[in-house]
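Raw structure.cif, mmCIF, C-alpha atoms:
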data_model
#
loop_
_atom_site.group_PDB
_atom_site.id
_atom_site.type_symbol
_atom_site.label_atom_id
_atom_site.label_comp_id
_atom_site.auth_asym_id
_atom_site.auth_seq_id
_atom_site.Cartn_x
_atom_site.Cartn_y
_atom_site.Cartn_z
ATOM 1 C CA MET A 1 0.000 0.000 0.000
ATOM 2 C CA PRO A 2 1.365 3.450 -0.841
ATOM 3 C CA VAL A 3 2.256 5.708 2.081
ATOM 4 C CA ILE A 4 -0.130 8.667 2.294
ATOM 5 C CA ASN A 5 1.619 11.951 3.043
ATOM 6 C CA VAL A 6 -1.106 13.716 5.009
ATOM 7 C CA LYS A 7 1.012 16.820 5.512
ATOM 8 C CA ALA A 8 1.551 17.245 1.762
ATOM 9 C CA LEU A 9 -2.128 16.632 0.982
ATOM 10 C CA LYS A 10 -3.127 19.240 3.546
ATOM 11 C CA ALA A 11 -0.648 21.740 2.108
ATOM 12 C CA ASP A 12 -2.123 21.278 -1.378
ATOM 13 C CA LEU A 13 -5.677 21.716 -0.110
ATOM 14 C CA ARG A 14 -4.657 24.721 1.966
ATOM 15 C CA ALA A 15 -3.239 26.388 -1.137
ATOM 16 C CA LYS A 16 -6.318 25.478 -3.206
ATOM 17 C CA TYR A 17 -8.825 26.920 -0.760
ATOM 18 C CA ARG A 18 -6.721 29.975 0.058
ATOM 19 C CA LYS A 19 -6.819 30.845 -3.649
ATOM 20 C CA ILE A 20 -10.594 30.291 -3.802
ATOM 21 C CA ARG A 21 -11.066 32.617 -0.833
ATOM 22 C CA GLU A 22 -8.710 35.280 -2.170
ATOM 23 C CA CYS A 23 -10.533 35.299 -5.516
ATOM 24 C CA CYS A 24 -13.989 35.722 -4.014
ATOM 25 C CA PRO A 25 -15.465 39.133 -4.965
ATOM 26 C CA ALA A 26 -15.889 41.484 -2.002
ATOM 27 C CA ASP A 27 -19.644 41.850 -2.448
ATOM 28 C CA VAL A 28 -20.134 38.081 -2.627
ATOM 29 C CA LYS A 29 -18.035 37.547 0.486
ATOM 30 C CA LYS A 30 -19.960 40.230 2.366
ATOM 31 C CA SER A 31 -23.281 38.589 1.503
ATOM 32 C CA LEU A 32 -22.011 35.148 2.534
ATOM 33 C CA ASP A 33 -20.621 36.535 5.788
ATOM 34 C CA GLN A 34 -23.954 38.159 6.622
ATOM 35 C CA SER A 35 -25.797 34.886 5.974
ATOM 36 C CA LEU A 36 -23.378 32.872 8.103
ATOM 37 C CA THR A 37 -23.580 35.411 10.906
ATOM 38 C CA GLN A 38 -27.383 35.205 11.054
ATOM 39 C CA ILE A 39 -27.380 31.412 10.901
ATOM 40 C CA PHE A 40 -24.866 31.237 13.745
ATOM 41 C CA LEU A 41 -26.718 33.756 15.916
ATOM 42 C CA ASN A 42 -29.913 31.729 15.492
ATOM 43 C CA LEU A 43 -28.285 28.511 16.683
ATOM 44 C CA HIS A 44 -29.664 26.996 19.867
ATOM 45 C CA GLU A 45 -26.074 26.429 20.993
ATOM 46 C CA TYR A 46 -25.287 30.129 20.635
ATOM 47 C CA LYS A 47 -28.430 31.282 22.399
ATOM 48 C CA GLN A 48 -27.775 28.936 25.317
ATOM 49 C CA CYS A 49 -24.062 29.629 25.784
ATOM 50 C CA GLU A 50 -22.823 32.071 28.402
ATOM 51 C CA LYS A 51 -19.223 32.119 27.183
ATOM 52 C CA LEU A 52 -18.212 32.477 23.531
ATOM 53 C CA PHE A 53 -14.687 31.797 22.319
ATOM 54 C CA VAL A 54 -14.268 33.444 18.921
ATOM 55 C CA PHE A 55 -11.336 34.292 16.642
ATOM 56 C CA VAL A 56 -10.910 37.793 15.234
ATOM 57 C CA SER A 57 -11.124 37.242 11.488
ATOM 58 C CA SER A 58 -8.485 37.948 8.869
ATOM 59 C CA PRO A 59 -9.555 39.220 5.414
ATOM 60 C CA ILE A 60 -10.006 35.748 3.874
ATOM 61 C CA GLU A 61 -11.911 34.264 6.820
ATOM 62 C CA VAL A 62 -15.608 34.464 7.585
ATOM 63 C CA ASP A 63 -16.010 37.911 9.150
ATOM 64 C CA THR A 64 -16.636 37.489 12.879
ATOM 65 C CA THR A 65 -16.962 41.199 13.719
ATOM 66 C CA ASP A 66 -20.765 41.254 13.867
ATOM 67 C CA ILE A 67 -20.823 38.025 15.881
ATOM 68 C CA ILE A 68 -18.467 39.529 18.450
ATOM 69 C CA CYS A 69 -20.495 42.735 18.683
ATOM 70 C CA GLN A 70 -23.818 40.908 18.979
ATOM 71 C CA ALA A 71 -22.485 38.518 21.615
ATOM 72 C CA LEU A 72 -21.278 41.476 23.686
ATOM 73 C CA SER A 73 -24.675 43.135 23.225
ATOM 74 C CA ASP A 74 -26.365 39.898 24.324
ATOM 75 C CA GLY A 75 -24.416 39.995 27.572
ATOM 76 C CA LYS A 76 -22.243 36.976 26.858
ATOM 77 C CA GLN A 77 -18.666 36.613 28.016
ATOM 78 C CA VAL A 78 -16.628 36.992 24.840
ATOM 79 C CA ALA A 79 -13.114 35.585 24.708
ATOM 80 C CA VAL A 80 -10.667 36.045 21.846
ATOM 81 C CA PRO A 81 -7.256 34.421 21.313
ATOM 82 C CA LYS A 82 -3.746 35.754 21.685
ATOM 83 C CA CYS A 83 -0.693 33.874 20.405
ATOM 84 C CA THR A 84 1.799 33.706 23.256
ATOM 85 C CA ASP A 85 4.738 32.156 21.414
ATOM 86 C CA LYS A 86 5.767 30.923 17.976
ATOM 87 C CA ASN A 87 5.384 27.262 18.895
ATOM 88 C CA GLY A 88 1.612 27.006 18.641
ATOM 89 C CA LYS A 89 0.590 28.198 22.102
ATOM 90 C CA MET A 90 -2.235 30.672 22.585
ATOM 91 C CA GLU A 91 -4.467 31.850 25.392
ATOM 92 C CA PHE A 92 -7.920 33.433 25.384
ATOM 93 C CA TYR A 93 -8.804 36.739 27.016
ATOM 94 C CA PHE A 94 -12.205 38.265 27.751
ATOM 95 C CA ILE A 95 -12.933 41.512 25.937
ATOM 96 C CA LYS A 96 -15.668 44.054 26.600
ATOM 97 C CA SER A 97 -15.361 45.893 23.264
ATOM 98 C CA LEU A 98 -13.443 45.862 19.998
ATOM 99 C CA ASN A 99 -11.436 48.782 21.370
ATOM 100 C CA GLN A 100 -9.614 46.306 23.596
ATOM 101 C CA LEU A 101 -7.923 44.752 20.549
ATOM 102 C CA GLU A 102 -4.558 45.606 19.015
ATOM 103 C CA LYS A 103 -2.552 44.235 16.110
ATOM 104 C CA GLY A 104 -0.599 41.177 17.221
ATOM 105 C CA ALA A 105 0.972 38.052 15.763
ATOM 106 C CA PHE A 106 0.629 37.559 12.003
ATOM 107 C CA GLY A 107 -1.043 40.980 11.724
ATOM 108 C CA ILE A 108 -4.221 39.710 13.407
ATOM 109 C CA MET A 109 -6.060 41.747 16.027
ATOM 110 C CA GLU A 110 -5.558 40.363 19.534
ATOM 111 C CA PRO A 111 -6.656 41.324 23.057
ATOM 112 C CA LYS A 112 -4.585 43.793 25.041
ATOM 113 C CA GLU A 113 -3.423 41.485 27.805
ATOM 114 C CA ASN A 114 -2.628 44.380 30.164
ATOM 115 C CA ILE A 115 -6.322 45.319 30.372
ATOM 116 C CA CYS A 116 -8.087 42.027 29.549
ATOM 117 C CA GLU A 117 -8.679 39.109 31.885
ATOM 118 C CA GLN A 118 -7.212 35.786 30.821
ATOM 119 C CA VAL A 119 -9.679 32.892 30.633
ATOM 120 C CA SER A 120 -8.780 30.253 33.211
ATOM 121 C CA ASP A 121 -11.722 27.853 32.794
ATOM 122 C CA LEU A 122 -11.711 26.072 29.425
ATOM 123 C CA GLY A 123 -14.149 23.393 30.510
ATOM 124 C CA ASN A 124 -17.249 24.889 28.943
ATOM 125 C CA GLY A 125 -18.575 27.427 26.463
ATOM 126 C CA LEU A 126 -19.000 27.584 22.701
ATOM 127 C CA CYS A 127 -15.927 28.011 20.529
ATOM 128 C CA ILE A 128 -15.872 29.089 16.868
ATOM 129 C CA VAL A 129 -12.898 27.306 15.325
ATOM 130 C CA PRO A 130 -11.258 28.794 12.225
ATOM 131 C CA GLY A 131 -10.424 26.702 9.179
ATOM 132 C CA ILE A 132 -9.577 27.249 5.561
ATOM 133 C CA CYS A 133 -11.765 24.260 4.664
ATOM 134 C CA PHE A 134 -13.919 21.698 6.494
ATOM 135 C CA ASP A 135 -15.380 18.310 5.692
ATOM 136 C CA MET A 136 -18.800 16.830 6.393
ATOM 137 C CA PHE A 137 -17.538 15.144 9.549
ATOM 138 C CA GLY A 138 -16.281 18.388 11.062
ATOM 139 C CA TYR A 139 -12.592 17.893 10.385
ATOM 140 C CA ARG A 140 -10.701 20.928 9.204
ATOM 141 C CA ILE A 141 -7.556 22.190 7.620
ATOM 142 C CA GLY A 142 -6.302 25.283 9.372
ATOM 143 C CA PHE A 143 -3.668 27.775 8.376
ATOM 144 C CA GLY A 144 -0.791 25.494 9.304
ATOM 145 C CA LYS A 145 0.410 27.058 12.548
ATOM 146 C CA GLY A 146 -1.143 24.507 14.915
ATOM 147 C CA TYR A 147 -2.489 26.983 17.470
ATOM 148 C CA TYR A 148 -6.050 25.679 17.533
ATOM 149 C CA ASP A 149 -4.965 22.025 17.435
ATOM 150 C CA ARG A 150 -3.162 22.565 20.715
ATOM 151 C CA PHE A 151 -5.935 24.672 22.223
ATOM 152 C CA LEU A 152 -8.649 22.128 21.414
ATOM 153 C CA GLU A 153 -6.761 19.498 23.395
ATOM 154 C CA ARG A 154 -7.528 21.621 26.480
ATOM 155 C CA PHE A 155 -11.014 22.843 25.580
ATOM 156 C CA GLY A 156 -14.009 21.014 27.030
ATOM 157 C CA GLY A 157 -16.934 22.907 25.531
ATOM 158 C CA THR A 158 -18.808 22.779 22.229
ATOM 159 C CA THR A 159 -17.031 23.646 18.982
ATOM 160 C CA ALA A 160 -18.404 25.107 15.755
ATOM 161 C CA GLY A 161 -16.889 25.778 12.349
ATOM 162 C CA LEU A 162 -18.100 28.575 10.068
ATOM 163 C CA CYS A 163 -17.264 27.910 6.437
ATOM 164 C CA TYR A 164 -18.372 28.813 2.937
ATOM 165 C CA SER A 165 -19.989 25.811 1.253
ATOM 166 C CA LYS A 166 -17.551 26.119 -1.668
ATOM 167 C CA CYS A 167 -14.736 25.495 0.835
ATOM 168 C CA THR A 168 -16.034 22.133 2.037
ATOM 169 C CA GLU A 169 -15.246 18.586 0.962
ATOM 170 C CA HIS A 170 -16.880 15.295 1.794
ATOM 171 C CA GLU A 171 -13.800 14.039 3.623
ATOM 172 C CA LEU A 172 -10.424 15.632 4.265
ATOM 173 C CA PRO A 173 -7.099 13.919 5.005
ATOM 174 C CA ARG A 174 -6.436 13.909 8.726
ATOM 175 C CA GLY A 175 -3.868 12.880 11.270
ATOM 176 C CA ASN A 176 -4.257 11.027 14.538
ATOM 177 C CA HIS A 177 -4.344 14.216 16.596
ATOM 178 C CA ASP A 178 -6.816 16.178 14.475
ATOM 179 C CA LYS A 179 -10.052 17.105 16.229
ATOM 180 C CA ARG A 180 -13.396 17.719 14.567
ATOM 181 C CA VAL A 181 -15.865 20.461 15.394
ATOM 182 C CA ASP A 182 -19.249 19.504 16.827
ATOM 183 C CA ILE A 183 -21.172 21.718 14.402
ATOM 184 C CA LEU A 184 -20.305 22.660 10.824
ATOM 185 C CA ILE A 185 -22.161 25.750 9.597
ATOM 186 C CA THR A 186 -22.272 26.928 5.995
ATOM 187 C CA GLU A 187 -24.646 29.299 4.204
ATOM 188 C CA LYS A 188 -26.420 26.239 2.757
ATOM 189 C CA PHE A 189 -26.525 23.676 5.555
ATOM 190 C CA ILE A 190 -25.729 22.863 9.185
ATOM 191 C CA ASN A 191 -24.177 19.524 10.130
ATOM 192 C CA HIS A 192 -24.203 18.344 13.723
ATOM 193 C CA THR A 193 -21.175 16.184 13.176
ATOM 194 C CA ASN A 194 -21.586 13.937 16.221
ATOM 195 C CA ASN A 195 -24.620 12.417 14.503
ATOM 196 C CA LEU A 196 -22.889 12.193 11.138
ATOM 197 C CA TYR A 197 -19.722 10.699 12.543
ATOM 198 C CA SER A 198 -21.596 7.924 14.342
ATOM 199 C CA LYS A 199 -22.899 6.877 10.923
ATOM 200 C CA GLY A 200 -19.654 7.429 9.068
#
Written as structure tokens, how would this file's structure read?
Amino acid sequence: MPVINVKALKADLRAKYRKIRECCPADVKKSLDQSLTQIFLNLHEYKQCEKLFVFVSSPIEVDTTDIICQALSDGKQVAVPKCTDKNGKMEFYFIKSLNQLEKGAFGIMEPKENICEQVSDLGNGLCIVPGICFDMFGYRIGFGKGYYDRFLERFGGTTAGLCYSKCTEHELPRGNHDKRVDILITEKFINHTNNLYSKG
């Protein structure tokens, strides 16, 4: 049997879907982002959560700005990540407004740790996990830095992936340590992957 190089397959898919995202017209992306935001905010899991872990989006990711603002307006505890070293470690900090963010690692907005409280309890909450593409079982390919892979080993709450339907595949290559999200959300469908995976 040929040896499957998962790392190389992931790199190829990462490049493919990065190009798809970069080529998406701004007006199309804005419309998709608005749809995904409304679908997420209508989720039972969102409405029930008290603590939301959410990344601050880069230009090619699903825009999370409105989700962050609405969650703050809804009175939820909102936690965003900060990379603490170059070896894949990050921590989450609670923010009370977007004004508590500053440009950090990789040019991404991060919490100002001198004024934001670090999250100590990772045992519960709802976490939006970034990914450049997802599959129907909730597995993802990230941006290759490994920050969320390490974080998810410590996180005990519910996880959700927001993704454009054109950036999904039926099944992605995965390694032994890859973790799937509990809910995959696109503008066309929602998969509760625990149910799907039990059948797959």
**Request:** Please evaluate the PyMOL selection byres ((chain A and resi 35-48) around 12) against the displayed coordinates and give the resulting residues as a ChimeraX atom specification.
**Result:** /A:28-34,49-54,61-71,74-78,124-128,157-165,182-192
**Request:** Pick out the closest residue to Cys24 (chain A) from this set: A:Ile95, A:Leu72, A:Cys167, A:Leu172. Count all atoms listed in the file.
**Result:**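 Closest to Cys24 (chain A) of all the choices is A:Cys167.
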**Message:** Can you translate the PyMOL selection byres ((chain A and resi 104-120) around 8) into the concrete residues it hits in this file, as a list in words?
**Reply:**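 With the PyMOL selection byres ((chain A and resi 104-120) around 8) on this model, the match is Val56, Ser57, Ser58, Ala79, Val80, Pro81, Lys82, Cys83, Glu91, Phe92, Tyr93, Phe94, Ile95, Gln100, Leu101, Glu102, Lys103, Asp121 and Leu122 of chain A.
In this model, the gap between CA of Gly123 (chain A) and CA of Pro173 (chain A) comes to 28.1 Å.
Atom to atom, CA of Leu152 (chain A) and CA of Met90 (chain A) stand 10.7 Å apart.
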**Asked** Can you list, as number ranges by chain, the residues that the PyMOL selection byres ((chain A and resi 171) around 12) selects here?
**Response** A: 10, 13, 133-141, 167-170, 172-174, 180, 196-197, 200
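Between CA of Ile60 (chain A) and CA of Asn5 (chain A) the interatomic distance comes to 26.5 Å.
Nearest residue to Asn176 (chain A) among A:Thr193, A:Asp149, A:Arg14, A:Gly131 is A:Asp149, counting only C-alpha atoms.
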**Request:** Go through A:Lys89, A:Lys96, A:His177, A:Lys16 and flag the residue nearest Tyr148 (chain A), using all atoms listed in the file for the distances.
**Result:**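 Of A:Lys89, A:Lys96, A:His177, A:Lys16, the one nearest Tyr148 (chain A), counting all atoms listed in the file, is A:Lys89.
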Report, as JSON, the centre and edge lengths in Å (one decimal) of the axis-aligned box enclosing every listed atom of region 149-157 of chain A, padded by 6 Å on each side.
{"center_x": -10.0, "center_y": 22.1, "center_z": 22.2, "size_x": 25.8, "size_y": 17.2, "size_z": 21.6}
**Asked** So, counting all atoms listed in the file, which residue among A:Arg154, A:Ala8, A:Asp178, A:Ile132 is closest to Ile20 (chain A)?
**Response**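 Once distances to Ile20 (chain A) are computed over all atoms listed in the file, the minimum belongs to A:Ile132.
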